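*Asks:* Here it is, the structure, as structure tokens.
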Amino acid sequence: MSDNKRTGRGMFGKGYYIALVLCAAAIGITGYLYYRNTDAEDVQVSATQADTAVQAVSPTKEQDVAVIATKPTQSEQTVPATQPPAPQGALKTTAPVAGETVIGYSMEALSYNQTTRDWRVHNGMDVAAEAGTKVVAAADGTVDSIFEDPQLGTTVVIAHSGGYTTQYSSLDKELKVSVGDSVTMGQQIGVVGQSAMVETTLGPHLHFRVLCRGEDMDPAEFLKLG
């Protein structure tokens, strides 16, 4: 009888300690998982706060400030260069008017326009001459069109062989040719006027423009063909 009681107490004591150890282990594991999850949440919160801070500092389109237009720097004046058209065969040429070139061709750099008071490219050459000075065809060709350009005034366009086109602007309204006329080099087409509204500060002059296959080219280079 006494042996059974001792055996029962011994078994009860071992089970008790085993249960106590298991409980302690469970508590330890639970605590470890809790703190690990808490650290992960802290990291996520920190990342979210960092993203919010970056968004708060990054400027939006509404925060962009307009810049007042000033004289462009050297890099701002430069316009992507285009390959000049290749000569399209022999063509005799002559200067369209006797006078001084006051503004040259400039399609790769901006130049200041005294009339419009801004910086822009210049697709031709401006030749100053007295009002009424004779303007002639720079080469043989056919009068392609005549029109009033809102910026450059009375304009005559002549098509030539080799894909060339010459344009004579700021002419007086009284012309010597009509659309479809065949003209020879040196033949008068009109006289110098002052009809170019965007170049009024130049006074009477001829705005002479040249295109080759529809692309602008330096009129000085065209005149060298002759």
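Every chain in the structure tokens takes a letter, A first, then B, and so on in the order presented; its residues are numbered from 1, and the ligands are numbered from 1 following the presented order.
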Taking 4 positions as the minimum chain separation for residues in the same chain, which residues sit within 10 Å of A:Arg120 when counting only C-alpha atoms? Answer as a PDB file with C-alpha atoms, in the first residue's frame.
*Replies:*
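Listing of result_26.pdb after writing:
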```pdb
ATOM      1  CA  GLN A  77      21.371  79.561 -78.880  1.00  0.00           C
ATOM      2  CA  SER A 106      21.258  81.726 -89.357  1.00  0.00           C
ATOM      3  CA  MET A 107      19.383  78.455 -88.884  1.00  0.00           C
ATOM      4  CA  ALA A 109      22.026  79.773 -83.939  1.00  0.00           C
ATOM      5  CA  LEU A 110      19.459  82.265 -82.666  1.00  0.00           C
ATOM      6  CA  SER A 111      19.858  85.942 -83.529  1.00  0.00           C
ATOM      7  CA  TYR A 112      18.149  88.928 -81.943  1.00  0.00           C
ATOM      8  CA  ASN A 113      15.309  90.514 -83.927  1.00  0.00           C
ATOM      9  CA  THR A 116       9.984  91.606 -82.519  1.00  0.00           C
TER      10      THR A 116
END
```
*Asks:* Can you pull out every residue within 10 Å of A:Met125, counting only C-alpha atoms, but drop anything in the same chain fewer than 3 positions away, and send it as a list in words?
*Replies:*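 Everything that qualifies: Thr101, Val102, Ile103, Gly104, Tyr105, Ser106, His122, Ala128, His205, Leu206, His207, Phe208, Arg209, Val210, Asp218, Pro219 and Ala220 of chain A.
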*Asks:* Given the choices A:Ala159, A:Ala139, A:Ala196, A:Met185, which gets closest to A:Asp172 if the distance is worked out from only C-alpha atoms?
*Replies:* A:Ala196
*Asks:* May I have the residues within 7 Å of stretch 211-213 of chain A as a list in words, using only C-alpha atoms and disregarding those fewer than 5 positions away in the same chain?
*Replies:*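 So, after excluding close chain neighbours, the residues are Pro85, Gly163, Tyr164, Thr165 and Thr166 of chain A.
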*Asks:* Which of these residues is nearest to A:Gly99, using only C-alpha atoms: A:Glu199, A:Thr184, A:Pro204, A:Ser169?
*Replies:*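 Under the stated criterion, the closest residue is A:Pro204.
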